[in-house]
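**Q** See entry.cif below, with mmCIF, C-alpha atoms.
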data_run
loop_
_atom_site.label_atom_id
_atom_site.label_comp_id
_atom_site.auth_asym_id
_atom_site.auth_seq_id
_atom_site.Cartn_x
_atom_site.Cartn_y
_atom_site.Cartn_z
CA MET A 1 98.25 -2.11 66.55
CA ASN A 2 97.70 -5.84 67.12
CA VAL A 3 96.26 -7.41 70.26
CA ARG A 4 99.64 -8.44 71.68
CA ALA A 5 101.03 -4.94 71.26
CA ARG A 6 97.99 -3.46 72.98
CA ILE A 7 98.40 -5.82 75.95
CA LEU A 8 102.11 -5.07 76.38
CA HIS A 9 101.86 -1.35 75.64
CA GLN A 10 103.36 0.71 78.49
CA THR A 11 100.47 3.20 78.60
CA ASP A 12 97.95 0.38 78.99
CA LEU A 13 99.89 -1.10 81.91
CA PRO A 14 100.93 1.83 84.11
CA MET A 15 101.69 -0.44 87.07
CA ARG A 16 104.18 -2.52 85.11
CA GLY A 17 107.04 -0.08 85.62
CA THR A 18 106.16 0.32 89.30
CA PHE A 19 106.27 -3.41 89.97
CA ARG A 20 109.55 -3.68 88.10
CA ARG A 21 111.15 -0.91 90.17
CA LEU A 22 109.83 -2.51 93.35
CA SER A 23 111.24 -5.88 92.33
CA LEU A 24 114.66 -4.38 91.59
CA SER A 25 114.73 -2.51 94.90
CA VAL A 26 113.81 -5.68 96.82
CA GLN A 27 116.59 -7.54 95.02
CA ASP A 28 119.07 -4.80 95.93
CA LEU A 29 117.98 -4.91 99.58
CA ALA A 30 118.32 -8.69 99.64
CA SER A 31 121.77 -8.44 98.04
CA GLN A 32 122.98 -5.99 100.69
CA ILE A 33 121.65 -8.11 103.56
CA HIS A 34 123.18 -11.24 102.04
CA GLU A 35 126.57 -9.52 101.87
CA ASP A 36 126.28 -8.50 105.52
CA TRP A 37 125.25 -12.05 106.45
CA THR A 38 128.31 -13.45 104.67
CA THR A 39 130.57 -10.88 106.35
CA ASN A 40 129.18 -11.87 109.76
CA HIS A 41 130.20 -15.53 109.26
CA ARG A 42 126.80 -16.52 107.83
CA ASP A 43 125.25 -16.49 111.28
CA TRP A 44 121.88 -14.75 111.37
CA THR A 45 121.85 -14.83 115.18
CA MET A 46 124.80 -12.41 115.42
CA PRO A 47 123.58 -9.19 117.09
CA GLY A 48 125.66 -7.05 114.74
CA PHE A 49 124.13 -8.65 111.66
CA ARG A 50 120.61 -8.22 113.05
CA ALA A 51 121.23 -4.54 113.80
CA ILE A 52 122.55 -3.92 110.29
CA ALA A 53 119.70 -5.85 108.66
CA VAL A 54 117.10 -3.82 110.57
CA HIS A 55 118.80 -0.60 109.50
CA ARG A 56 118.90 -1.72 105.87
CA PHE A 57 115.21 -2.54 106.03
CA GLY A 58 114.36 0.84 107.59
CA THR A 59 116.37 2.71 104.96
CA TRP A 60 114.62 0.76 102.21
CA VAL A 61 111.17 1.50 103.62
CA SER A 62 111.86 5.21 104.20
CA ASN A 63 112.71 5.65 100.51
CA LYS A 64 109.31 4.35 99.38
CA ARG A 65 106.33 6.42 98.34
CA PRO A 66 104.11 7.50 101.29
CA GLY A 67 101.09 5.33 101.84
CA ALA A 68 99.41 2.89 104.20
CA LEU A 69 101.85 0.06 103.46
CA ARG A 70 104.87 2.31 104.01
CA ALA A 71 103.43 3.52 107.32
CA LEU A 72 102.88 -0.08 108.46
CA LEU A 73 106.40 -1.12 107.48
CA LEU A 74 107.89 1.92 109.21
CA TRP A 75 106.01 0.97 112.38
CA LEU A 76 107.50 -2.53 112.09
CA TYR A 77 110.97 -1.05 111.60
CA GLN A 78 110.63 1.20 114.65
CA ALA A 79 109.62 -1.76 116.79
CA MET A 80 112.64 -3.77 115.63
CA TYR A 81 114.93 -0.74 116.04
CA ARG A 82 113.89 -0.33 119.68
CA TYR A 83 114.43 -4.03 120.30
CA ILE A 84 117.94 -3.90 118.82
CA ARG A 85 118.78 -0.75 120.79
CA ASN A 86 117.43 -1.93 124.14
CA TYR A 87 118.36 -5.62 123.97
CA TYR A 88 121.70 -5.57 122.13
CA GLY A 89 122.82 -2.02 122.95
CA ILE A 90 123.45 -1.12 119.30
CA GLU A 91 122.04 2.24 118.25
CA ILE A 92 122.01 3.06 114.54
CA PRO A 93 119.61 5.93 113.75
CA LEU A 94 117.76 5.77 110.46
CA THR A 95 119.65 8.81 109.14
CA VAL A 96 123.00 6.99 109.33
CA ILE A 97 124.44 5.94 105.95
CA LEU A 98 126.08 2.52 106.08
CA GLY A 99 128.34 1.12 103.38
CA ARG A 100 128.31 -2.45 102.13
CA ARG A 101 129.61 -5.45 104.09
CA LEU A 102 129.78 -3.77 107.50
CA TRP A 103 130.96 -5.97 110.37
CA LEU A 104 129.91 -5.12 113.94
CA VAL A 105 131.96 -7.40 116.19
CA HIS A 106 130.23 -8.26 119.49
CA GLN A 107 127.22 -6.47 120.85
CA HIS A 108 126.56 -3.70 123.38
CA GLY A 109 127.72 -0.12 123.49
CA ILE A 110 127.95 0.65 119.76
CA VAL A 111 126.45 4.09 119.16
CA PHE A 112 126.37 6.08 115.92
CA HIS A 113 125.90 9.84 115.54
CA TRP A 114 122.70 10.48 113.61
CA LYS A 115 124.62 11.95 110.63
CA THR A 116 127.38 9.34 110.42
CA VAL A 117 128.57 8.08 107.04
CA VAL A 118 130.36 4.72 106.97
CA GLY A 119 132.19 3.37 103.92
CA ASP A 120 132.38 -0.17 102.58
CA ASP A 121 134.05 -3.13 104.29
CA CYS A 122 134.44 -1.46 107.70
CA LEU A 123 134.82 -3.23 111.04
CA ILE A 124 133.60 -1.74 114.32
CA ARG A 125 134.04 -3.43 117.68
CA HIS A 126 132.06 -3.20 120.90
CA ASN A 127 131.77 -0.10 123.13
CA ALA A 128 132.67 2.22 120.25
CA THR A 129 131.09 5.65 119.91
CA ILE A 130 131.02 6.87 116.32
CA GLY A 131 130.41 10.60 116.54
CA ALA A 132 130.52 11.92 120.10
CA GLY A 133 128.87 15.33 120.06
CA TYR A 134 131.13 17.41 122.28
CA GLY A 135 131.86 20.15 119.79
CA GLY A 136 128.85 22.33 120.55
CA GLN A 137 126.55 23.72 117.86
CA LYS A 138 129.36 23.70 115.27
CA THR A 139 129.44 19.90 115.11
CA LEU A 140 125.94 19.06 116.32
CA HIS A 141 124.70 18.42 112.79
CA LYS A 142 127.99 17.09 111.37
CA GLY A 143 128.55 13.41 111.82
CA PRO A 144 131.88 11.65 111.31
CA ARG A 145 132.81 10.09 107.98
CA LEU A 146 134.58 6.74 107.84
CA GLY A 147 136.25 5.74 104.59
CA ASN A 148 136.37 2.24 103.16
CA HIS A 149 138.17 -0.54 105.05
CA VAL A 150 138.30 1.39 108.33
CA GLU A 151 138.74 -0.60 111.55
CA VAL A 152 137.58 0.78 114.90
CA GLY A 153 138.75 -0.89 118.10
CA PRO A 154 136.76 -1.54 121.29
CA GLY A 155 136.09 1.49 123.45
CA ALA A 156 137.18 3.96 120.78
CA VAL A 157 135.48 7.37 120.62
CA ILE A 158 135.35 9.33 117.37
CA PHE A 159 134.20 12.92 117.71
CA ALA A 160 131.57 14.38 115.42
CA ALA A 161 132.69 16.06 112.16
CA VAL A 162 135.88 13.96 112.08
CA THR A 163 136.95 12.19 108.88
CA ILE A 164 138.71 8.84 109.07
CA GLY A 165 140.68 8.09 105.91
CA GLU A 166 140.44 4.87 103.93
CA GLY A 167 142.18 1.88 105.47
CA ALA A 168 142.88 3.61 108.81
CA VAL A 169 142.96 1.59 112.03
CA ILE A 170 141.68 3.13 115.28
CA GLY A 171 143.00 1.20 118.28
CA PRO A 172 141.24 0.32 121.54
CA ASN A 173 140.12 3.17 123.82
CA VAL A 174 141.43 5.86 121.47
CA VAL A 175 139.71 9.26 121.50
CA VAL A 176 139.85 10.73 117.99
CA MET A 177 139.35 14.51 117.96
CA SER A 178 140.83 15.40 114.55
CA ASN A 179 140.93 13.97 111.04
CA VAL A 180 142.92 10.77 110.50
CA PRO A 181 144.80 10.36 107.18
CA ALA A 182 144.24 7.29 105.06
CA GLY A 183 146.25 4.20 105.91
CA THR A 184 147.37 5.36 109.35
CA ARG A 185 147.18 3.48 112.65
CA VAL A 186 146.14 5.39 115.75
CA PHE A 187 146.73 3.85 119.16
CA ALA A 188 146.63 5.16 122.71
CA GLU A 189 149.81 5.66 124.71
CA ALA A 190 151.14 2.45 126.24
CA PRO A 191 150.26 2.04 129.93
CA ARG A 192 152.94 2.79 132.50
CA VAL A 193 153.96 0.30 135.15
CA ILE A 194 153.97 1.95 138.60
CA ARG A 195 156.13 0.19 141.18
CA LEU A 196 154.71 0.39 144.65
CA PRO A 197 157.06 0.52 147.67
CA ASN A 198 157.91 -2.84 149.21
CA PRO A 199 155.49 -3.78 151.99
CA PRO A 200 156.92 -3.91 155.52
CA ASP A 201 158.38 -7.22 156.70
CA GLU A 202 155.48 -8.86 158.50
CA SER A 203 157.71 -11.33 160.37
CA HIS A 204 159.88 -8.51 161.73
CA SER A 205 156.84 -6.55 162.84
CA THR A 206 155.37 -9.60 164.56
CA SER A 207 158.57 -10.38 166.44
CA GLY A 208 158.90 -6.80 167.60
CA THR A 209 155.37 -6.84 168.92
CA SER A 210 156.02 -10.08 170.83
CA GLN A 211 159.09 -8.63 172.55
CA ASN A 212 157.15 -5.59 173.64
CA MET A 213 154.56 -7.79 175.22
#
Let me see the structure of the file written as structure tokens.
**A**
Amino acid sequence: MNVRARILHQTDLPMRGTFRRLSLSVQDLASQIHEDWTTNHRDWTMPGFRAIAVHRFGTWVSNKRPGALRALLLWLYQAMYRYIRNYYGIEIPLTVILGRRLWLVHQHGIVFHWKTVVGDDCLIRHNATIGAGYGGQKTLHKGPRLGNHVEVGPGAVIFAAVTIGEGAVIGPNVVVMSNVPAGTRVFAEAPRVIRLPNPPDESHSTSGTSQNM
């Protein structure tokens, strides 16, 4: 074996494969965050983009081999997670699985069940609850599943263990308690206009009072 072969031999450089895997994983993380940044109008100040980027970073760190560096990075993630949750009102637990190119429109009031699975190219607006746990012990550990290209309107509530089919649209303030087929549009009942009785004629009442005096 010549000198060059000895230098490049895999058994002589056990860290070579490790560094290569780390480099590929960093590139994949950067690619995901760049897609989210593009989806959120290339504005890194958007609260939704920041929340997603922090979650991507936390997921990436949690999949690494235990060690001092991983512990330090997890501490950094937890600090950023608390900031996002408390300042922007967006709560995405580390156990949530997010698809690519997620768009969180506006901040505040976006909460995910800890076992939620979200597909690719989804859009979720403010004040949405993805996985309300009102089903007791049967659904406590079953988060909702959102297919690709799902749109969730502001104020919508999706119960735990519910599956939203691909391309479905959930309208504003809709409470989803059962599975939604793919491609459907779910909206709340239109509001009713209630006509109040006509108010009494103030001029007539005033004139009557004057006569009595």
**Q** Residues near Val118 of chain A, anyone? I mean within 9 Å using all atoms listed in the file, not counting same-chain ones fewer than 3 positions away, as a ChimeraX atom specification.
**A** /A:96-100,102,122,144-148,150
**Q** Selected by the PyMOL selection byres ((chain A and resi 91) around 10) in the shown coordinates: which residues, as a PyMOL selection string?
**A** chain A and resi 51+55+81-82+84-86+88-90+92-94+108-114+129
**Q** Any idea what's packed within 8 Å of Ala160 of chain A, counting all atoms listed in the file, ignoring anything in its chain fewer than 4 positions away? Could you give it as number ranges by chain?
**A** A: 113, 130-135, 139-140, 142-144
**Q** Could you please determine the separation between atom CA of His149 of chain A and atom CA of Val169 of chain A in Å, to one decimal place?
**A** 8.7 Å
**Q** Kindly indicate which residue among A:Leu22, A:Pro47, A:Pro154, A:Pro172 lies nearest to Val61 of chain A, using only C-alpha atoms for the distances.
**A**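 Under the stated criterion, the closest residue is A:Leu22.
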**Q** Given the file above and the PyMOL selection byres ((chain A and resi 156) around 9), which residues are selected, and can you give them as an MDAnalysis selection string?
**A** chainID A and resid 125:130 152:155 157:158 170:176
**Q** Mind pulling up the distance from atom CA of Trp103 of chain A to atom CA of Leu123 of chain A?
**A**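 Atom CA of Trp103 of chain A lies at a distance of 4.8 Å from atom CA of Leu123 of chain A.
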**Q** Which residue is closest to Asn63 of chain A? Choose from A:Asp36, A:Ser25, A:Ala188, A:Val180 and count all atoms listed in the file.
**A** A:Ser25
**Q** Could you give me, as a list in words, the residues within 9 Å of Ser62 of chain A, counting all atoms listed in the file and dropping anything in the same chain fewer than 3 positions from it?
**A**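 The residues satisfying every condition are Phe57, Gly58, Thr59, Arg65, Pro66, Arg70, Leu73, Leu74 and Leu94 of chain A.
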**Q** As an exercise, work out the distance from atom CA of Ser178 of chain A to atom CA of Gln107 of chain A in Å and give it to one decimal place.
**A** 26.5 Å
**Q** Pick the closest to Gly48 of chain A from A:Val26, A:Tyr87, A:Lys64, A:Val105: which is it, counting only C-alpha atoms?
**A**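 Nearest to Gly48 of chain A: A:Val105.
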